[in-house]
$ cat structure.cif   # mmCIF, N, CA and C atoms
data_work
loop_
_atom_site.label_atom_id
_atom_site.label_comp_id
_atom_site.auth_asym_id
_atom_site.auth_seq_id
_atom_site.Cartn_x
_atom_site.Cartn_y
_atom_site.Cartn_z
N MET A 219 -73.98 -29.01 -0.37
CA MET A 219 -72.74 -29.49 -0.94
C MET A 219 -71.89 -28.31 -1.38
N HIS A 220 -70.63 -28.56 -1.32
CA HIS A 220 -69.69 -27.54 -1.77
C HIS A 220 -69.51 -27.62 -3.27
N SER A 221 -69.49 -26.46 -3.85
CA SER A 221 -69.26 -26.46 -5.29
C SER A 221 -67.76 -26.45 -5.57
N ILE A 222 -67.35 -27.10 -6.59
CA ILE A 222 -65.94 -27.18 -6.96
C ILE A 222 -65.62 -25.99 -7.85
N ARG A 223 -64.64 -25.21 -7.42
CA ARG A 223 -64.24 -24.03 -8.20
C ARG A 223 -63.34 -24.46 -9.34
N PRO A 224 -63.41 -23.76 -10.42
CA PRO A 224 -62.51 -24.10 -11.54
C PRO A 224 -61.05 -23.87 -11.13
N MET A 225 -60.16 -24.60 -11.74
CA MET A 225 -58.74 -24.57 -11.40
C MET A 225 -58.12 -23.20 -11.64
N GLN A 226 -58.56 -22.46 -12.62
CA GLN A 226 -57.93 -21.18 -12.96
C GLN A 226 -58.09 -20.13 -11.86
N PHE A 227 -59.10 -20.23 -11.02
CA PHE A 227 -59.30 -19.26 -9.96
C PHE A 227 -58.50 -19.61 -8.71
N ARG A 228 -58.10 -20.83 -8.56
CA ARG A 228 -57.38 -21.24 -7.36
C ARG A 228 -55.86 -21.19 -7.53
N GLN A 229 -55.37 -21.01 -8.69
CA GLN A 229 -53.93 -21.02 -8.91
C GLN A 229 -53.29 -19.75 -8.35
N ARG A 230 -52.17 -19.93 -7.72
CA ARG A 230 -51.40 -18.80 -7.22
C ARG A 230 -49.94 -19.10 -7.54
N GLY A 231 -49.18 -18.01 -7.73
CA GLY A 231 -47.77 -18.23 -8.03
C GLY A 231 -47.11 -16.94 -8.49
N LEU A 232 -45.91 -17.07 -8.95
CA LEU A 232 -45.11 -15.93 -9.38
C LEU A 232 -45.26 -15.77 -10.88
N THR A 233 -45.58 -14.56 -11.29
CA THR A 233 -45.69 -14.31 -12.73
C THR A 233 -44.30 -14.14 -13.31
N MET A 234 -44.21 -14.16 -14.62
CA MET A 234 -42.92 -13.99 -15.28
C MET A 234 -42.34 -12.61 -14.98
N PHE A 235 -43.18 -11.59 -14.97
CA PHE A 235 -42.72 -10.23 -14.65
C PHE A 235 -42.21 -10.17 -13.21
N GLY A 236 -42.90 -10.77 -12.30
CA GLY A 236 -42.46 -10.81 -10.90
C GLY A 236 -41.15 -11.55 -10.74
N PHE A 237 -41.01 -12.67 -11.46
CA PHE A 237 -39.77 -13.43 -11.41
C PHE A 237 -38.60 -12.61 -11.94
N LEU A 238 -38.79 -11.93 -13.06
CA LEU A 238 -37.72 -11.11 -13.63
C LEU A 238 -37.34 -9.96 -12.70
N PHE A 239 -38.32 -9.36 -12.06
CA PHE A 239 -38.04 -8.27 -11.12
C PHE A 239 -37.20 -8.76 -9.94
N VAL A 240 -37.59 -9.90 -9.39
CA VAL A 240 -36.83 -10.47 -8.27
C VAL A 240 -35.43 -10.86 -8.73
N ALA A 241 -35.28 -11.40 -9.92
CA ALA A 241 -33.97 -11.80 -10.43
C ALA A 241 -33.07 -10.59 -10.63
N VAL A 242 -33.61 -9.50 -11.16
CA VAL A 242 -32.82 -8.28 -11.36
C VAL A 242 -32.37 -7.70 -10.02
N VAL A 243 -33.25 -7.69 -9.05
CA VAL A 243 -32.88 -7.18 -7.72
C VAL A 243 -31.79 -8.05 -7.10
N LEU A 244 -31.91 -9.36 -7.19
CA LEU A 244 -30.90 -10.26 -6.62
C LEU A 244 -29.56 -10.12 -7.33
N VAL A 245 -29.57 -9.95 -8.64
CA VAL A 245 -28.32 -9.75 -9.39
C VAL A 245 -27.67 -8.43 -8.99
N ALA A 246 -28.45 -7.38 -8.80
CA ALA A 246 -27.90 -6.09 -8.39
C ALA A 246 -27.28 -6.19 -7.00
N ILE A 247 -27.94 -6.87 -6.08
CA ILE A 247 -27.39 -7.05 -4.73
C ILE A 247 -26.11 -7.87 -4.78
N ALA A 248 -26.10 -8.93 -5.57
CA ALA A 248 -24.90 -9.77 -5.69
C ALA A 248 -23.74 -8.98 -6.30
N MET A 249 -24.04 -8.16 -7.29
CA MET A 249 -23.00 -7.34 -7.93
C MET A 249 -22.42 -6.33 -6.96
N LEU A 250 -23.27 -5.71 -6.18
CA LEU A 250 -22.82 -4.75 -5.18
C LEU A 250 -21.97 -5.45 -4.11
N ALA A 251 -22.41 -6.63 -3.69
CA ALA A 251 -21.65 -7.38 -2.68
C ALA A 251 -20.28 -7.79 -3.20
N MET A 252 -20.19 -8.16 -4.47
CA MET A 252 -18.91 -8.55 -5.05
C MET A 252 -17.94 -7.38 -5.12
N LYS A 253 -18.45 -6.17 -5.16
CA LYS A 253 -17.60 -4.98 -5.16
C LYS A 253 -17.26 -4.52 -3.75
N LEU A 254 -18.18 -4.67 -2.80
CA LEU A 254 -17.99 -4.17 -1.44
C LEU A 254 -17.17 -5.10 -0.55
N VAL A 255 -17.38 -6.39 -0.64
CA VAL A 255 -16.73 -7.33 0.27
C VAL A 255 -15.21 -7.25 0.20
N PRO A 256 -14.57 -7.23 -0.98
CA PRO A 256 -13.10 -7.11 -1.00
C PRO A 256 -12.60 -5.80 -0.38
N ALA A 257 -13.34 -4.72 -0.55
CA ALA A 257 -12.93 -3.44 0.04
C ALA A 257 -12.94 -3.52 1.55
N TYR A 258 -13.96 -4.12 2.12
CA TYR A 258 -14.05 -4.23 3.57
C TYR A 258 -13.05 -5.26 4.12
N ILE A 259 -12.77 -6.32 3.38
CA ILE A 259 -11.75 -7.27 3.81
C ILE A 259 -10.39 -6.58 3.88
N GLU A 260 -10.09 -5.77 2.88
CA GLU A 260 -8.82 -5.04 2.87
C GLU A 260 -8.78 -4.00 3.99
N TYR A 261 -9.90 -3.34 4.27
CA TYR A 261 -9.97 -2.37 5.36
C TYR A 261 -9.68 -3.04 6.70
N PHE A 262 -10.28 -4.21 6.94
CA PHE A 262 -10.03 -4.91 8.19
C PHE A 262 -8.59 -5.40 8.28
N SER A 263 -7.97 -5.72 7.14
CA SER A 263 -6.55 -6.09 7.14
C SER A 263 -5.68 -4.90 7.53
N VAL A 264 -5.98 -3.72 6.97
CA VAL A 264 -5.23 -2.51 7.31
C VAL A 264 -5.41 -2.19 8.79
N LYS A 265 -6.63 -2.30 9.27
CA LYS A 265 -6.92 -2.03 10.67
C LYS A 265 -6.14 -2.98 11.59
N LYS A 266 -6.08 -4.25 11.23
CA LYS A 266 -5.36 -5.23 12.02
C LYS A 266 -3.86 -4.95 12.00
N ILE A 267 -3.32 -4.60 10.84
CA ILE A 267 -1.89 -4.27 10.73
C ILE A 267 -1.55 -3.09 11.62
N LEU A 268 -2.36 -2.04 11.56
CA LEU A 268 -2.08 -0.85 12.36
C LEU A 268 -2.22 -1.14 13.85
N ALA A 269 -3.18 -1.96 14.23
CA ALA A 269 -3.38 -2.30 15.65
C ALA A 269 -2.18 -3.10 16.18
N THR A 270 -1.69 -4.05 15.40
CA THR A 270 -0.54 -4.83 15.86
C THR A 270 0.73 -3.99 15.88
N MET A 271 0.86 -3.07 14.94
CA MET A 271 2.03 -2.18 14.96
C MET A 271 1.98 -1.26 16.17
N GLY A 272 0.80 -0.82 16.56
CA GLY A 272 0.64 0.07 17.70
C GLY A 272 0.94 -0.60 19.03
N GLN A 273 0.87 -1.92 19.07
CA GLN A 273 1.11 -2.65 20.31
C GLN A 273 2.56 -3.12 20.46
N GLU A 274 3.39 -2.86 19.47
CA GLU A 274 4.79 -3.27 19.55
C GLU A 274 5.52 -2.48 20.62
N SER A 275 6.41 -3.14 21.32
CA SER A 275 7.14 -2.48 22.41
C SER A 275 8.21 -1.51 21.90
N GLY A 276 8.82 -1.77 20.77
CA GLY A 276 9.90 -0.92 20.27
C GLY A 276 9.44 0.16 19.32
N LEU A 277 8.15 0.46 19.30
CA LEU A 277 7.63 1.44 18.35
C LEU A 277 8.14 2.85 18.61
N LYS A 278 8.35 3.21 19.88
CA LYS A 278 8.81 4.56 20.23
C LYS A 278 10.17 4.88 19.62
N SER A 279 11.03 3.88 19.57
CA SER A 279 12.39 4.13 19.11
C SER A 279 12.54 4.07 17.59
N LYS A 280 11.50 3.62 16.87
CA LYS A 280 11.59 3.51 15.41
C LYS A 280 11.43 4.87 14.75
N SER A 281 12.16 5.05 13.67
CA SER A 281 12.01 6.28 12.88
C SER A 281 10.77 6.14 11.99
N ASN A 282 10.36 7.26 11.41
CA ASN A 282 9.19 7.22 10.52
C ASN A 282 9.46 6.32 9.31
N ALA A 283 10.68 6.36 8.78
CA ALA A 283 11.02 5.51 7.64
C ALA A 283 10.94 4.03 8.02
N ALA A 284 11.40 3.69 9.22
CA ALA A 284 11.34 2.29 9.68
C ALA A 284 9.89 1.85 9.88
N ILE A 285 9.05 2.75 10.38
CA ILE A 285 7.63 2.43 10.57
C ILE A 285 6.96 2.20 9.22
N ARG A 286 7.27 3.05 8.25
CA ARG A 286 6.69 2.88 6.91
C ARG A 286 7.17 1.58 6.26
N GLU A 287 8.44 1.24 6.45
CA GLU A 287 8.98 0.00 5.89
C GLU A 287 8.31 -1.21 6.55
N ASP A 288 8.11 -1.14 7.86
CA ASP A 288 7.42 -2.21 8.58
C ASP A 288 5.99 -2.37 8.06
N PHE A 289 5.31 -1.23 7.84
CA PHE A 289 3.95 -1.29 7.29
C PHE A 289 3.96 -1.91 5.90
N ALA A 290 4.93 -1.53 5.07
CA ALA A 290 5.01 -2.08 3.70
C ALA A 290 5.20 -3.59 3.73
N ASN A 291 6.05 -4.08 4.63
CA ASN A 291 6.26 -5.53 4.74
C ASN A 291 4.99 -6.25 5.19
N ARG A 292 4.32 -5.69 6.18
CA ARG A 292 3.09 -6.32 6.68
C ARG A 292 1.97 -6.23 5.64
N ALA A 293 1.89 -5.11 4.93
CA ALA A 293 0.86 -4.95 3.90
C ALA A 293 1.08 -5.92 2.75
N ASN A 294 2.33 -6.17 2.42
CA ASN A 294 2.65 -7.10 1.36
C ASN A 294 2.22 -8.51 1.73
N VAL A 295 2.44 -8.90 2.97
CA VAL A 295 2.03 -10.23 3.43
C VAL A 295 0.50 -10.33 3.52
N GLY A 296 -0.16 -9.23 3.91
CA GLY A 296 -1.61 -9.22 4.07
C GLY A 296 -2.37 -8.91 2.80
N TYR A 297 -1.69 -8.81 1.65
CA TYR A 297 -2.31 -8.52 0.36
C TYR A 297 -3.05 -7.20 0.35
N VAL A 298 -2.51 -6.20 1.03
CA VAL A 298 -3.10 -4.86 1.03
C VAL A 298 -2.50 -4.10 -0.14
N THR A 299 -3.36 -3.66 -1.07
CA THR A 299 -2.86 -2.97 -2.26
C THR A 299 -3.31 -1.52 -2.33
N VAL A 300 -4.36 -1.15 -1.62
CA VAL A 300 -4.90 0.20 -1.73
C VAL A 300 -4.06 1.20 -0.94
N VAL A 301 -3.61 0.83 0.26
CA VAL A 301 -2.86 1.73 1.13
C VAL A 301 -1.36 1.48 0.93
N LYS A 302 -0.67 2.52 0.53
CA LYS A 302 0.78 2.46 0.36
C LYS A 302 1.45 3.04 1.60
N PRO A 303 2.73 2.74 1.83
CA PRO A 303 3.43 3.30 2.99
C PRO A 303 3.45 4.83 2.99
N GLU A 304 3.40 5.44 1.83
CA GLU A 304 3.39 6.91 1.75
C GLU A 304 2.05 7.48 2.20
N ASP A 305 1.00 6.65 2.21
CA ASP A 305 -0.35 7.11 2.55
C ASP A 305 -0.61 7.15 4.05
N ILE A 306 0.24 6.49 4.84
CA ILE A 306 -0.01 6.48 6.29
C ILE A 306 0.58 7.75 6.91
N SER A 307 -0.07 8.21 7.97
CA SER A 307 0.44 9.37 8.70
C SER A 307 0.86 8.93 10.10
N ILE A 308 1.95 9.51 10.57
CA ILE A 308 2.51 9.13 11.87
C ILE A 308 2.52 10.37 12.75
N ASP A 309 1.79 10.30 13.86
CA ASP A 309 1.69 11.41 14.80
C ASP A 309 2.42 11.02 16.07
N ARG A 310 3.43 11.80 16.45
CA ARG A 310 4.27 11.45 17.60
C ARG A 310 3.93 12.26 18.85
N ARG A 311 2.78 12.86 18.92
CA ARG A 311 2.39 13.58 20.14
C ARG A 311 2.05 12.60 21.25
N GLY A 312 2.42 12.92 22.47
CA GLY A 312 2.11 12.07 23.61
C GLY A 312 3.09 10.95 23.84
N GLY A 313 4.24 10.97 23.19
CA GLY A 313 5.27 9.97 23.43
C GLY A 313 5.17 8.73 22.56
N VAL A 314 3.98 8.21 22.33
CA VAL A 314 3.82 6.99 21.53
C VAL A 314 3.34 7.38 20.14
N PRO A 315 4.01 6.90 19.11
CA PRO A 315 3.55 7.21 17.75
C PRO A 315 2.18 6.59 17.46
N VAL A 316 1.32 7.37 16.88
CA VAL A 316 0.01 6.88 16.45
C VAL A 316 0.04 6.84 14.92
N ILE A 317 -0.15 5.66 14.38
CA ILE A 317 -0.12 5.46 12.94
C ILE A 317 -1.55 5.39 12.44
N SER A 318 -1.85 6.18 11.43
CA SER A 318 -3.22 6.16 10.89
C SER A 318 -3.19 6.21 9.38
N ALA A 319 -4.27 5.73 8.80
CA ALA A 319 -4.43 5.73 7.35
C ALA A 319 -5.86 6.16 7.02
N ASP A 320 -5.97 7.21 6.26
CA ASP A 320 -7.26 7.67 5.73
C ASP A 320 -7.17 7.52 4.22
N TYR A 321 -8.04 6.70 3.67
CA TYR A 321 -7.96 6.46 2.23
C TYR A 321 -9.33 6.25 1.64
N THR A 322 -9.38 6.35 0.34
CA THR A 322 -10.62 6.20 -0.42
C THR A 322 -10.50 5.00 -1.33
N PHE A 323 -11.50 4.14 -1.30
CA PHE A 323 -11.57 3.00 -2.20
C PHE A 323 -12.56 3.34 -3.30
N ARG A 324 -12.15 3.22 -4.54
CA ARG A 324 -13.01 3.56 -5.68
C ARG A 324 -13.01 2.39 -6.65
N THR A 325 -14.19 1.99 -7.08
CA THR A 325 -14.32 0.91 -8.05
C THR A 325 -15.49 1.20 -8.98
N LYS A 326 -15.39 0.73 -10.20
CA LYS A 326 -16.46 0.93 -11.18
C LYS A 326 -17.59 -0.08 -10.94
N LEU A 327 -18.81 0.40 -11.09
CA LEU A 327 -19.96 -0.51 -11.01
C LEU A 327 -20.43 -0.87 -12.41
N ILE A 328 -21.08 0.08 -13.07
CA ILE A 328 -21.59 -0.14 -14.42
C ILE A 328 -21.32 1.11 -15.24
N GLY A 329 -20.70 0.96 -16.37
CA GLY A 329 -20.47 2.10 -17.25
C GLY A 329 -19.69 3.20 -16.57
N ASN A 330 -20.29 4.38 -16.47
CA ASN A 330 -19.60 5.50 -15.83
C ASN A 330 -20.04 5.70 -14.38
N VAL A 331 -20.66 4.70 -13.78
CA VAL A 331 -21.08 4.77 -12.38
C VAL A 331 -20.03 4.08 -11.53
N SER A 332 -19.51 4.82 -10.54
CA SER A 332 -18.48 4.27 -9.65
C SER A 332 -18.99 4.24 -8.21
N LEU A 333 -18.37 3.39 -7.43
CA LEU A 333 -18.65 3.26 -6.01
C LEU A 333 -17.44 3.80 -5.26
N VAL A 334 -17.65 4.77 -4.36
CA VAL A 334 -16.56 5.38 -3.61
C VAL A 334 -16.83 5.20 -2.12
N ILE A 335 -15.83 4.66 -1.39
CA ILE A 335 -15.95 4.42 0.04
C ILE A 335 -14.74 5.04 0.72
N ASP A 336 -14.98 5.82 1.77
CA ASP A 336 -13.90 6.42 2.56
C ASP A 336 -13.67 5.57 3.80
N PHE A 337 -12.39 5.22 4.03
CA PHE A 337 -12.01 4.42 5.19
C PHE A 337 -11.04 5.20 6.05
N SER A 338 -11.05 4.94 7.35
CA SER A 338 -10.13 5.54 8.29
C SER A 338 -9.77 4.49 9.34
N ALA A 339 -8.46 4.23 9.48
CA ALA A 339 -7.99 3.25 10.45
C ALA A 339 -6.83 3.85 11.22
N SER A 340 -6.65 3.43 12.47
CA SER A 340 -5.60 3.98 13.31
C SER A 340 -5.06 2.91 14.25
N SER A 341 -3.81 3.11 14.68
CA SER A 341 -3.21 2.18 15.63
C SER A 341 -3.69 2.46 17.05
N ASP A 342 -4.31 3.61 17.28
CA ASP A 342 -4.83 3.97 18.59
C ASP A 342 -6.28 3.49 18.70
N PRO A 343 -6.58 2.55 19.61
CA PRO A 343 -7.95 2.05 19.70
C PRO A 343 -8.95 3.10 20.21
N ASN A 344 -8.46 4.16 20.84
CA ASN A 344 -9.36 5.19 21.35
C ASN A 344 -9.71 6.25 20.32
N THR A 345 -9.09 6.21 19.16
CA THR A 345 -9.33 7.19 18.12
C THR A 345 -10.65 6.87 17.43
N ALA A 346 -11.54 7.84 17.42
CA ALA A 346 -12.84 7.66 16.75
C ALA A 346 -12.66 7.99 15.28
N ALA A 347 -13.47 7.35 14.46
CA ALA A 347 -13.41 7.61 13.02
C ALA A 347 -13.84 9.04 12.74
N VAL A 348 -13.13 9.68 11.82
CA VAL A 348 -13.41 11.06 11.47
C VAL A 348 -14.47 11.06 10.38
N GLU A 349 -15.51 11.86 10.57
CA GLU A 349 -16.56 11.98 9.57
C GLU A 349 -16.12 12.93 8.48
N VAL A 350 -16.21 12.49 7.24
CA VAL A 350 -15.86 13.34 6.10
C VAL A 350 -17.16 13.78 5.45
N GLU A 351 -17.28 15.08 5.23
CA GLU A 351 -18.51 15.59 4.60
C GLU A 351 -18.22 16.12 3.23
#

$ encode --input "structure.cif" --output "structure tokens"
Amino acid sequence: MHSIRPMQFRQRGLTMFGFLFVAVVLVAIAMLAMKLVPAYIEYFSVKKILATMGQESGLKSKSNAAIREDFANRANVGYVTVVKPEDISIDRRGGVPVISADYTFRTKLIGNVSLVIDFSASSDPNTAAVEVE
């Protein structure tokens, strides 16, 4: 016959310490995500604005001031607040203006700890992102 083991030896589960550890890790991940997601949403908005501006047919004839004003109008509609029209650079080599924006997103995490992310977007789809060291 099989002997019946006492209930205390068969119990398995999460201890209070284990639960608190998992909860702290999940809260830290959620906090980080709440800080990162808006930055990346804004980056993709800037990237989309620059890509659509680069595909316009009348871009060659626009002055730098007109290009910056166009970017400001599009950024205002797209809720872009980090990149200002003064922050974009316009390169006119090769006949077609290439509009690019290199910017840094900085936000506070906890106390004196900040999160810093460098972004680079361009109207030229062949332009590779520049590595900053």

$ axis_aligned_box --input "structure.cif" --around "range 334-346 of chain A" --padding-each-side "4 Å" --output "JSON"
{"center_x": -10.4, "center_y": 5.0, "center_z": 8.5, "size_x": 22.4, "size_y": 13.9, "size_z": 33.7}

$ resolve_selection --input "structure.cif" --expression "the PyMOL selection byres (((chain A and resi 256 and name CA) around 12) and name CA)" --output "PDB file with N, CA and C atoms, in the coordinates of the input"
ATOM      1  N   LEU A 250     -23.270  -5.710  -6.180  1.00  0.00           N
ATOM      2  CA  LEU A 250     -22.820  -4.750  -5.180  1.00  0.00           C
ATOM      3  C   LEU A 250     -21.970  -5.450  -4.110  1.00  0.00           C
ATOM      4  N   ALA A 251     -22.410  -6.630  -3.690  1.00  0.00           N
ATOM      5  CA  ALA A 251     -21.650  -7.380  -2.680  1.00  0.00           C
ATOM      6  C   ALA A 251     -20.280  -7.790  -3.200  1.00  0.00           C
ATOM      7  N   MET A 252     -20.190  -8.160  -4.470  1.00  0.00           N
ATOM      8  CA  MET A 252     -18.910  -8.550  -5.050  1.00  0.00           C
ATOM      9  C   MET A 252     -17.940  -7.380  -5.120  1.00  0.00           C
ATOM     10  N   LYS A 253     -18.450  -6.170  -5.160  1.00  0.00           N
ATOM     11  CA  LYS A 253     -17.600  -4.980  -5.160  1.00  0.00           C
ATOM     12  C   LYS A 253     -17.260  -4.520  -3.750  1.00  0.00           C
ATOM     13  N   LEU A 254     -18.180  -4.670  -2.800  1.00  0.00           N
ATOM     14  CA  LEU A 254     -17.990  -4.170  -1.440  1.00  0.00           C
ATOM     15  C   LEU A 254     -17.170  -5.100  -0.550  1.00  0.00           C
ATOM     16  N   VAL A 255     -17.380  -6.390  -0.640  1.00  0.00           N
ATOM     17  CA  VAL A 255     -16.730  -7.330   0.270  1.00  0.00           C
ATOM     18  C   VAL A 255     -15.210  -7.250   0.200  1.00  0.00           C
ATOM     19  N   ALA A 257     -13.340  -4.720  -0.550  1.00  0.00           N
ATOM     20  CA  ALA A 257     -12.930  -3.440   0.040  1.00  0.00           C
ATOM     21  C   ALA A 257     -12.940  -3.520   1.550  1.00  0.00           C
ATOM     22  N   TYR A 258     -13.960  -4.120   2.120  1.00  0.00           N
ATOM     23  CA  TYR A 258     -14.050  -4.230   3.570  1.00  0.00           C
ATOM     24  C   TYR A 258     -13.050  -5.260   4.120  1.00  0.00           C
ATOM     25  N   ILE A 259     -12.770  -6.320   3.380  1.00  0.00           N
ATOM     26  CA  ILE A 259     -11.750  -7.270   3.810  1.00  0.00           C
ATOM     27  C   ILE A 259     -10.390  -6.580   3.880  1.00  0.00           C
ATOM     28  N   GLU A 260     -10.090  -5.770   2.880  1.00  0.00           N
ATOM     29  CA  GLU A 260      -8.820  -5.040   2.870  1.00  0.00           C
ATOM     30  C   GLU A 260      -8.780  -4.000   3.990  1.00  0.00           C
ATOM     31  N   TYR A 261      -9.900  -3.340   4.270  1.00  0.00           N
ATOM     32  CA  TYR A 261      -9.970  -2.370   5.360  1.00  0.00           C
ATOM     33  C   TYR A 261      -9.680  -3.040   6.700  1.00  0.00           C
ATOM     34  N   PHE A 262     -10.280  -4.210   6.940  1.00  0.00           N
ATOM     35  CA  PHE A 262     -10.030  -4.910   8.190  1.00  0.00           C
ATOM     36  C   PHE A 262      -8.590  -5.400   8.280  1.00  0.00           C
ATOM     37  N   SER A 263      -7.970  -5.720   7.140  1.00  0.00           N
ATOM     38  CA  SER A 263      -6.550  -6.090   7.140  1.00  0.00           C
ATOM     39  C   SER A 263      -5.680  -4.900   7.530  1.00  0.00           C
ATOM     40  N   TYR A 297      -1.690  -8.810   1.650  1.00  0.00           N
ATOM     41  CA  TYR A 297      -2.310  -8.520   0.360  1.00  0.00           C
ATOM     42  C   TYR A 297      -3.050  -7.200   0.350  1.00  0.00           C
ATOM     43  N   VAL A 298      -2.510  -6.200   1.030  1.00  0.00           N
ATOM     44  CA  VAL A 298      -3.100  -4.860   1.030  1.00  0.00           C
ATOM     45  C   VAL A 298      -2.500  -4.100  -0.140  1.00  0.00           C
ATOM     46  N   THR A 299      -3.360  -3.660  -1.070  1.00  0.00           N
ATOM     47  CA  THR A 299      -2.860  -2.970  -2.260  1.00  0.00           C
ATOM     48  C   THR A 299      -3.310  -1.520  -2.330  1.00  0.00           C
ATOM     49  N   VAL A 300      -4.360  -1.150  -1.620  1.00  0.00           N
ATOM     50  CA  VAL A 300      -4.900   0.200  -1.730  1.00  0.00           C
ATOM     51  C   VAL A 300      -4.060   1.200  -0.940  1.00  0.00           C
ATOM     52  N   PHE A 323     -11.500   4.140  -1.300  1.00  0.00           N
ATOM     53  CA  PHE A 323     -11.570   3.000  -2.200  1.00  0.00           C
ATOM     54  C   PHE A 323     -12.560   3.340  -3.300  1.00  0.00           C
ATOM     55  N   ARG A 324     -12.150   3.220  -4.540  1.00  0.00           N
ATOM     56  CA  ARG A 324     -13.010   3.560  -5.680  1.00  0.00           C
ATOM     57  C   ARG A 324     -13.010   2.390  -6.650  1.00  0.00           C
ATOM     58  N   THR A 325     -14.190   1.990  -7.080  1.00  0.00           N
ATOM     59  CA  THR A 325     -14.320   0.910  -8.050  1.00  0.00           C
ATOM     60  C   THR A 325     -15.490   1.200  -8.980  1.00  0.00           C
ATOM     61  N   ILE A 335     -15.830   4.660  -1.390  1.00  0.00           N
ATOM     62  CA  ILE A 335     -15.950   4.420   0.040  1.00  0.00           C
ATOM     63  C   ILE A 335     -14.740   5.040   0.720  1.00  0.00           C
TER      64      ILE A 335
END

$ select_by_dssp --input "structure.cif" --residues "chain A" --states "strand (DSSP E)" --output "PyMOL selection string"
chain A and resi 306-309+316-328+331-340

$ write_last_selection --input "structure.cif" --atoms "N, CA and C atoms" --output "short mmCIF file (atom, residue, chain, number, x, y, z; two decimals), in the coordinates of the input"
data_model
loop_
_atom_site.label_atom_id
_atom_site.label_comp_id
_atom_site.auth_asym_id
_atom_site.auth_seq_id
_atom_site.Cartn_x
_atom_site.Cartn_y
_atom_site.Cartn_z
N ILE A 306 0.24 6.49 4.84
CA ILE A 306 -0.01 6.48 6.29
C ILE A 306 0.58 7.75 6.91
N SER A 307 -0.07 8.21 7.97
CA SER A 307 0.44 9.37 8.70
C SER A 307 0.86 8.93 10.10
N ILE A 308 1.95 9.51 10.57
CA ILE A 308 2.51 9.13 11.87
C ILE A 308 2.52 10.37 12.75
N ASP A 309 1.79 10.30 13.86
CA ASP A 309 1.69 11.41 14.80
C ASP A 309 2.42 11.02 16.07
N VAL A 316 1.32 7.37 16.88
CA VAL A 316 0.01 6.88 16.45
C VAL A 316 0.04 6.84 14.92
N ILE A 317 -0.15 5.66 14.38
CA ILE A 317 -0.12 5.46 12.94
C ILE A 317 -1.55 5.39 12.44
N SER A 318 -1.85 6.18 11.43
CA SER A 318 -3.22 6.16 10.89
C SER A 318 -3.19 6.21 9.38
N ALA A 319 -4.27 5.73 8.80
CA ALA A 319 -4.43 5.73 7.35
C ALA A 319 -5.86 6.16 7.02
N ASP A 320 -5.97 7.21 6.26
CA ASP A 320 -7.26 7.67 5.73
C ASP A 320 -7.17 7.52 4.22
N TYR A 321 -8.04 6.70 3.67
CA TYR A 321 -7.96 6.46 2.23
C TYR A 321 -9.33 6.25 1.64
N THR A 322 -9.38 6.35 0.34
CA THR A 322 -10.62 6.20 -0.42
C THR A 322 -10.50 5.00 -1.33
N PHE A 323 -11.50 4.14 -1.30
CA PHE A 323 -11.57 3.00 -2.20
C PHE A 323 -12.56 3.34 -3.30
N ARG A 324 -12.15 3.22 -4.54
CA ARG A 324 -13.01 3.56 -5.68
C ARG A 324 -13.01 2.39 -6.65
N THR A 325 -14.19 1.99 -7.08
CA THR A 325 -14.32 0.91 -8.05
C THR A 325 -15.49 1.20 -8.98
N LYS A 326 -15.39 0.73 -10.20
CA LYS A 326 -16.46 0.93 -11.18
C LYS A 326 -17.59 -0.08 -10.94
N LEU A 327 -18.81 0.40 -11.09
CA LEU A 327 -19.96 -0.51 -11.01
C LEU A 327 -20.43 -0.87 -12.41
N ILE A 328 -21.08 0.08 -13.07
CA ILE A 328 -21.59 -0.14 -14.42
C ILE A 328 -21.32 1.11 -15.24
N VAL A 331 -20.66 4.70 -13.78
CA VAL A 331 -21.08 4.77 -12.38
C VAL A 331 -20.03 4.08 -11.53
N SER A 332 -19.51 4.82 -10.54
CA SER A 332 -18.48 4.27 -9.65
C SER A 332 -18.99 4.24 -8.21
N LEU A 333 -18.37 3.39 -7.43
CA LEU A 333 -18.65 3.26 -6.01
C LEU A 333 -17.44 3.80 -5.26
N VAL A 334 -17.65 4.77 -4.36
CA VAL A 334 -16.56 5.38 -3.61
C VAL A 334 -16.83 5.20 -2.12
N ILE A 335 -15.83 4.66 -1.39
CA ILE A 335 -15.95 4.42 0.04
C ILE A 335 -14.74 5.04 0.72
N ASP A 336 -14.98 5.82 1.77
CA ASP A 336 -13.90 6.42 2.56
C ASP A 336 -13.67 5.57 3.80
N PHE A 337 -12.39 5.22 4.03
CA PHE A 337 -12.01 4.42 5.19
C PHE A 337 -11.04 5.20 6.05
N SER A 338 -11.05 4.94 7.35
CA SER A 338 -10.13 5.54 8.29
C SER A 338 -9.77 4.49 9.34
N ALA A 339 -8.46 4.23 9.48
CA ALA A 339 -7.99 3.25 10.45
C ALA A 339 -6.83 3.85 11.22
N SER A 340 -6.65 3.43 12.47
CA SER A 340 -5.60 3.98 13.31
C SER A 340 -5.06 2.91 14.25
#

$ atom_distance --input "structure.cif" --atom1 "atom N of Ile306 in chain A" --atom2 "CA of Asp320 in chain A"
7.6 Å

$ residues_around --input "structure.cif" --residues "Met271 in chain A" --least-positions-apart "6" --cutoff "10 Å" --atoms "only C-alpha atoms" --output "list in words"
Lys265, Leu277, Ile285, Asp288, Phe289, Arg292, Pro315, Val316, Ile317, Ser340, Ser341 and Asp342 of chain A

$ atom_distance --input "structure.cif" --atom1 "atom N of Leu268 in chain A" --atom2 "CA of Lys302 in chain A"
12.5 Å

$ residues_near_point --input "structure.cif" --point "(8.1, 8.1, 21.7)" --cutoff "7 Å" --atoms "all atoms listed in the file" --output "list in words"
Leu277, Lys278, Ser279, Arg310, Gly312, Gly313, Val314 and Pro315 of chain A

$ atom_distance --input "structure.cif" --atom1 "CA of Tyr321 in chain A" --atom2 "atom C of Glu287 in chain A"
18.5 Å

$ closest_residue --input "structure.cif" --among "A:Ala319, A:Arg286, A:Lys326, A:Ala241" --to "Ala339 in chain A" --atoms "only N, CA and C atoms"
A:Ala319
